[in-house]
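The next block is query_30.cif, given as mmCIF, C-alpha atoms.
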```cif
data_structure
#
loop_
_atom_site.label_atom_id
_atom_site.label_comp_id
_atom_site.auth_asym_id
_atom_site.auth_seq_id
_atom_site.Cartn_x
_atom_site.Cartn_y
_atom_site.Cartn_z
CA MET A 30 17.18 -32.03 -3.83
CA SER A 31 14.40 -31.92 -1.30
CA GLU A 32 11.70 -29.33 -1.70
CA GLU A 33 11.82 -26.70 1.02
CA LYS A 34 8.50 -25.97 2.63
CA LYS A 35 7.57 -22.31 2.51
CA HIS A 36 5.94 -20.47 5.39
CA PRO A 37 4.43 -17.31 3.96
CA LEU A 38 4.00 -14.35 6.28
CA LYS A 39 0.55 -14.36 7.85
CA LYS A 40 0.56 -11.28 10.00
CA VAL A 41 2.65 -8.16 10.16
CA ILE A 42 2.71 -5.41 12.79
CA ILE A 43 4.30 -2.17 11.67
CA VAL A 44 5.44 0.30 14.30
CA VAL A 45 5.81 3.95 13.26
CA ALA A 46 7.75 5.89 15.88
CA LYS A 47 9.03 8.86 13.87
CA GLY A 48 7.16 11.71 12.24
CA ALA A 49 9.22 12.73 9.22
CA ILE A 50 7.58 12.23 5.82
CA GLU A 51 9.96 9.44 4.86
CA ASP A 52 9.56 7.57 8.13
CA VAL A 53 5.79 7.71 7.99
CA TYR A 54 5.56 6.78 4.32
CA ALA A 55 7.95 3.85 4.78
CA GLY A 56 5.49 2.45 7.30
CA LEU A 57 2.40 3.24 5.22
CA VAL A 58 3.81 1.76 2.02
CA MET A 59 4.81 -1.42 3.81
CA ALA A 60 1.45 -1.71 5.55
CA ASN A 61 -0.50 -1.10 2.35
CA GLY A 62 1.73 -3.57 0.51
CA ALA A 63 1.03 -6.20 3.15
CA VAL A 64 -2.72 -5.63 2.95
CA MET A 65 -2.53 -5.96 -0.83
CA GLU A 66 -0.80 -9.33 -0.42
CA GLY A 67 -3.60 -10.56 1.78
CA ILE A 68 -1.44 -10.45 4.93
CA GLU A 69 -3.20 -9.50 8.17
CA THR A 70 -1.84 -6.01 8.93
CA LYS A 71 -1.78 -3.86 12.03
CA MET A 72 -0.07 -0.52 12.56
CA PHE A 73 1.03 0.95 15.87
CA PHE A 74 1.82 4.66 16.06
CA THR A 75 3.94 5.95 18.90
CA PHE A 76 5.95 9.06 19.87
CA PHE A 77 6.41 11.41 16.90
CA GLY A 78 4.86 8.74 14.69
CA LEU A 79 1.58 9.98 16.16
CA ASP A 80 1.84 13.00 13.85
CA ALA A 81 0.91 10.63 11.03
CA ILE A 82 -2.51 10.01 12.56
CA THR A 83 -3.09 13.43 14.15
CA LYS A 84 -5.71 15.19 12.03
CA LYS A 85 -4.04 18.59 12.22
CA LYS A 86 -0.59 17.36 11.25
CA MET A 87 -0.95 14.28 9.07
CA ASN A 88 -1.05 15.98 5.66
CA THR A 89 1.69 18.52 6.32
CA LEU A 90 4.52 16.32 7.57
CA HIS A 91 8.03 17.60 7.10
CA THR A 92 11.38 16.12 6.23
CA ALA A 93 14.54 17.29 8.02
CA THR A 94 16.66 19.69 5.98
CA VAL A 95 19.15 20.07 8.84
CA GLY A 96 21.06 17.05 10.07
CA ASN A 97 20.06 14.99 7.08
CA PRO A 98 23.27 13.95 5.28
CA ALA A 99 21.31 12.29 2.48
CA MET A 100 19.65 15.57 1.48
CA THR A 101 20.67 16.90 -1.93
CA MET A 102 19.33 19.57 -4.25
CA PRO A 103 17.63 18.54 -7.49
CA GLY A 104 20.35 17.22 -9.80
CA GLY A 105 22.35 15.76 -6.93
CA ILE A 106 24.10 19.01 -5.95
CA PRO A 107 25.09 18.96 -2.25
CA PHE A 108 22.61 20.66 0.06
CA PRO A 109 24.48 23.05 2.39
CA THR A 110 23.59 22.66 6.05
CA TRP A 111 23.21 26.43 6.54
CA LEU A 112 20.56 26.50 3.79
CA GLY A 113 18.51 23.91 5.61
CA GLY A 114 18.17 26.28 8.53
CA VAL A 115 16.89 29.22 6.50
CA PRO A 116 13.24 29.92 7.43
CA GLY A 117 10.83 28.42 4.94
CA ILE A 118 13.32 26.03 3.36
CA GLU A 119 12.19 22.99 5.31
CA ALA A 120 8.56 23.69 4.44
CA ALA A 121 9.38 24.19 0.76
CA VAL A 122 11.49 21.03 0.52
CA SER A 123 8.78 19.07 2.33
CA ALA A 124 6.07 20.38 0.01
CA MET A 125 8.21 19.42 -2.97
CA MET A 126 8.67 15.91 -1.60
CA ARG A 127 4.92 15.50 -1.12
CA LYS A 128 4.36 16.72 -4.67
CA GLN A 129 6.85 14.19 -6.05
CA MET A 130 5.05 11.41 -4.26
CA GLU A 131 1.68 12.59 -5.55
CA ASP A 132 3.13 12.39 -9.07
CA LEU A 133 3.82 8.69 -8.44
CA ASP A 134 0.18 8.24 -7.41
CA ILE A 135 1.12 7.91 -3.75
CA PRO A 136 -1.76 9.47 -1.81
CA PRO A 137 -1.62 11.99 1.04
CA VAL A 138 -1.40 10.44 4.51
CA ASP A 139 -5.13 10.56 5.34
CA GLU A 140 -6.12 8.93 2.06
CA PHE A 141 -3.33 6.35 2.41
CA ILE A 142 -4.69 5.40 5.83
CA GLU A 143 -8.17 5.03 4.34
CA MET A 144 -6.74 2.72 1.65
CA ILE A 145 -5.09 0.52 4.27
CA VAL A 146 -8.26 0.38 6.34
CA ALA A 147 -10.39 -0.35 3.25
CA GLY A 148 -8.20 -3.40 2.68
CA GLY A 149 -8.73 -4.62 6.22
CA GLY A 150 -5.68 -3.11 7.96
CA GLU A 151 -6.05 -1.98 11.58
CA LEU A 152 -4.50 1.12 13.13
CA TYR A 153 -3.74 1.74 16.79
CA ALA A 154 -2.20 4.57 18.79
CA CYS A 155 0.19 4.16 21.72
CA LYS A 156 -1.34 5.14 25.05
CA LEU A 157 1.87 6.37 26.63
CA ALA A 158 2.69 8.68 23.74
CA VAL A 159 -0.90 9.93 23.43
CA ASP A 160 -0.83 10.85 27.14
CA MET A 161 2.56 12.46 26.80
CA PHE A 162 1.51 14.66 23.88
CA LYS A 163 -1.81 15.38 25.63
CA LEU A 164 -3.85 14.16 22.69
CA LYS A 165 -7.41 12.85 22.73
CA LYS A 166 -9.10 10.23 20.60
CA GLU A 167 -10.88 13.08 18.72
CA ASP A 168 -7.54 14.54 17.68
CA LEU A 169 -6.71 11.34 15.83
CA HIS A 170 -7.86 10.09 12.42
CA ASP A 171 -11.32 8.55 12.64
CA ASP A 172 -10.03 5.18 11.46
CA ILE A 173 -7.87 4.68 14.56
CA ILE A 174 -9.45 1.72 16.29
CA ASP A 175 -8.12 2.29 19.77
CA ILE A 176 -5.45 3.73 22.01
CA ILE A 177 -3.61 0.76 23.46
CA THR A 178 -0.80 -0.15 25.85
CA VAL A 179 2.39 -1.93 24.92
CA GLY A 180 0.94 -5.02 26.58
CA ASP A 181 -2.08 -4.95 24.25
CA PHE A 182 0.33 -4.46 21.38
CA TYR A 183 2.21 -7.67 22.16
CA GLU A 184 -1.03 -9.54 22.68
CA MET A 185 -2.18 -8.67 19.17
CA SER A 186 1.18 -9.75 17.78
CA ASP A 187 0.51 -13.40 18.54
CA GLY A 188 0.51 -16.30 16.12
CA GLN A 189 3.03 -18.12 13.99
CA GLN A 190 4.49 -16.42 10.93
CA THR A 191 3.97 -13.00 12.49
CA GLN A 192 6.58 -10.27 12.15
CA ILE A 193 6.98 -6.96 13.93
CA ILE A 194 8.61 -4.24 11.87
CA PHE A 195 9.88 -1.09 13.56
CA THR A 196 10.47 1.79 11.18
CA MET B 13 7.82 -19.45 -21.60
CA ALA B 14 4.95 -21.78 -20.95
CA GLU B 15 1.61 -22.23 -22.62
CA LYS B 16 -1.69 -22.95 -21.02
CA THR B 17 -5.14 -23.55 -22.43
CA TYR B 18 -8.09 -21.67 -20.99
CA ALA B 19 -11.56 -22.14 -22.47
CA GLY B 20 -10.08 -23.63 -25.63
CA VAL B 21 -7.65 -20.73 -26.15
CA THR B 22 -3.95 -21.39 -25.84
CA VAL B 23 -2.21 -18.47 -24.15
CA ASN B 24 1.42 -17.75 -23.36
CA ILE B 25 2.13 -17.31 -19.67
CA ASP B 26 5.19 -16.43 -17.58
CA ASP B 27 6.50 -18.31 -14.54
CA ASP B 28 3.95 -16.66 -12.26
CA GLY B 29 1.03 -17.52 -14.53
CA TYR B 30 0.59 -14.03 -16.00
CA MET B 31 -0.28 -13.81 -19.68
CA THR B 32 2.50 -12.35 -21.77
CA ASP B 33 0.36 -11.41 -24.77
CA ALA B 34 -2.62 -9.27 -23.81
CA SER B 35 -4.19 -9.74 -27.25
CA GLN B 36 -4.83 -13.42 -26.50
CA TRP B 37 -7.22 -12.43 -23.72
CA THR B 38 -10.93 -13.08 -23.91
CA LYS B 39 -13.66 -12.90 -21.30
CA GLU B 40 -13.85 -16.69 -21.38
CA VAL B 41 -10.14 -16.97 -20.59
CA ALA B 42 -10.65 -14.70 -17.58
CA ALA B 43 -13.60 -16.76 -16.42
CA GLU B 44 -11.54 -19.97 -16.59
CA MET B 45 -8.67 -18.38 -14.69
CA ALA B 46 -11.09 -17.19 -12.04
CA LYS B 47 -12.44 -20.71 -11.65
CA GLU B 48 -8.93 -21.91 -10.79
CA ASP B 49 -9.14 -19.52 -7.85
CA GLY B 50 -12.65 -20.68 -7.02
CA MET B 51 -14.19 -17.42 -8.23
CA GLU B 52 -17.18 -16.71 -10.44
CA LEU B 53 -16.85 -13.49 -12.44
CA THR B 54 -19.74 -11.04 -12.58
CA ASP B 55 -20.28 -7.96 -14.77
CA LYS B 56 -18.75 -5.91 -11.97
CA HIS B 57 -15.57 -8.00 -12.16
CA TYR B 58 -15.43 -7.53 -15.93
CA ASP B 59 -15.85 -3.75 -15.56
CA VAL B 60 -12.75 -3.68 -13.37
CA LEU B 61 -10.80 -6.04 -15.65
CA GLU B 62 -11.62 -3.90 -18.69
CA PHE B 63 -10.49 -0.79 -16.81
CA ILE B 64 -7.21 -2.49 -15.87
CA ARG B 65 -6.62 -3.59 -19.47
CA GLU B 66 -7.27 -0.11 -20.81
CA LYS B 67 -5.06 1.52 -18.20
CA VAL B 68 -2.14 -0.90 -18.61
CA ASN B 69 -2.34 -1.05 -22.40
CA SER B 70 -2.22 2.75 -22.53
CA GLY B 71 1.16 2.52 -20.80
CA ALA B 72 0.08 3.99 -17.47
CA THR B 73 1.24 2.58 -14.13
CA LEU B 74 -1.53 0.73 -12.43
CA THR B 75 -2.09 1.38 -8.73
CA ILE B 76 -4.78 0.27 -6.37
CA ARG B 77 -5.53 3.96 -5.85
CA ALA B 78 -6.28 4.41 -9.56
CA ILE B 79 -8.72 1.51 -9.43
CA GLY B 80 -10.41 3.08 -6.41
CA LYS B 81 -10.87 6.27 -8.41
CA SER B 82 -11.91 4.54 -11.64
CA GLY B 83 -15.60 4.91 -10.93
CA HIS B 84 -16.11 1.15 -11.31
CA THR B 85 -15.52 0.31 -7.66
CA ASP B 86 -13.96 1.81 -4.55
CA ILE B 87 -10.97 0.25 -2.82
CA LYS B 88 -13.11 -1.60 -0.32
CA GLY B 89 -15.21 -2.98 -3.15
CA PHE B 90 -12.09 -4.00 -5.03
CA TYR B 91 -10.87 -6.06 -2.07
CA LYS B 92 -14.31 -7.70 -1.93
CA LEU B 93 -14.34 -8.49 -5.65
CA PHE B 94 -10.89 -10.05 -5.65
CA PRO B 95 -10.33 -11.26 -2.09
CA GLY B 96 -6.85 -11.90 -0.74
CA ALA B 97 -4.39 -10.19 -3.06
CA PRO B 98 -6.68 -8.05 -5.24
CA LEU B 99 -4.22 -6.29 -7.53
CA LYS B 100 -2.26 -9.46 -8.27
CA LYS B 101 -5.39 -11.49 -8.90
CA ALA B 102 -7.12 -8.87 -11.00
CA THR B 103 -4.11 -8.17 -13.22
CA LYS B 104 -3.67 -11.87 -13.80
CA MET B 105 -7.30 -12.29 -14.83
CA ALA B 106 -7.07 -9.16 -16.99
CA GLY B 107 -4.27 -10.76 -18.98
CA VAL B 108 -1.77 -7.98 -18.24
CA PRO B 109 1.70 -8.28 -16.63
CA LYS B 110 2.20 -8.59 -12.90
CA PRO B 111 1.92 -5.10 -11.37
CA SER B 112 5.21 -3.25 -11.04
CA SER B 113 3.96 -0.56 -8.65
CA CYS B 114 4.31 -0.60 -4.85
CA VAL B 115 0.97 1.09 -4.21
#
```

Rewrite the structure from the file as structure tokens, please.
Amino acid sequence: MSEEKKHPLKKVIIVVAKGAIEDVYAGLVMANGAVMEGIETKMFFTFFGLDAITKKKMNTLHTATVGNPAMTMPGGIPFPTWLGGVPGIEAAVSAMMRKQMEDLDIPPVDEFIEMIVAGGGELYACKLAVDMFKLKKEDLHDDIIDIITVGDFYEMSDGQQTQIIFT
Amino acid sequence: MAEKTYAGVTVNIDDDGYMTDASQWTKEVAAEMAKEDGMELTDKHYDVLEFIREKVNSGATLTIRAIGKSGHTDIKGFYKLFPGAPLKKATKMAGVPKPSSCV
């Protein structure tokens, strides 16, 4: 049998376009994991994904308690849709989710970003979405390198063994 | 299970080269392993390796975050000490199993 030549991943670009806790953390965990493997890593935040790098919002992200069919109560009991709409429930469920992640030594969003940057990862914000949400560079986490266009984004995605992941 | 000799000590290793018996570890073994990766270990490296051994042998899950908060180095420093894939490299040289955590 002939030996197959392996082509390990060299660069990964992770796009975060949604702002729910689970969407943001999926992107952050994958980015941090890539950095830890020595893979060149860039993140691109767009639309509601910008919440993850907006100073005022990043550490209080929510998960959806309405319209989320995977949501259950502790112990696997079904989570009634009407309950999800009760004021305060979404905040409480979201706080509980953040607490559970903290217990697994998964840091809050701002610290997670600092970990990724400490390992050499680069973070960018999408110009179109920043304009749309009327944000300024000062509103974003200090580690955001730049606000870039989709053209810039594709330019930085060059090279063989590069993958773009959209979460 | 394979065996490999580092600095005159025969150690048991798994398929990925991680030692399977932490008690066989010595500083000299770590130094030899590091040489394979073209690295020279300093006291700073050993501080981190000792921390990893303590943490893992106490049964705790090892994360890069915990190392950053260990007081021995910060995360940036950790990446500098063990360039490339720091957690994988450091656990290997510390003679503990391959990390099972995602962070």

- prompt: Which residue gives the smallest distance to chain B among A:Val45, A:Ala147, A:Ile173, A:Ala81, with only C-alpha atoms counted?
  reply: A:Ala147

- prompt: Taking into account only C-alpha atoms, which residue in the set A:Met126, A:Leu79, A:Val58, A:Lys35 is nearest to Met102 (chain A)?
  reply: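 Once distances to Met102 (chain A) are computed over only C-alpha atoms, the minimum belongs to A:Met126.
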
Near-Gln190 (chain A) list (9 Å; only C-alpha atoms; drop same-chain fewer than 3 positions) as a PyMOL selection string: chain A and resi 36-41

- prompt: Which residue, A:Gly148, A:Glu51, A:Leu90, A:Ile142, has the smallest gap to chain B when you use all atoms listed in the file?
  reply: A:Gly148

- request: Could you list the residues in chain B lying within 6 Å of chain A, using only C-alpha atoms, and format the result as a ChimeraX atom specification?
  value: /B:88,96-97
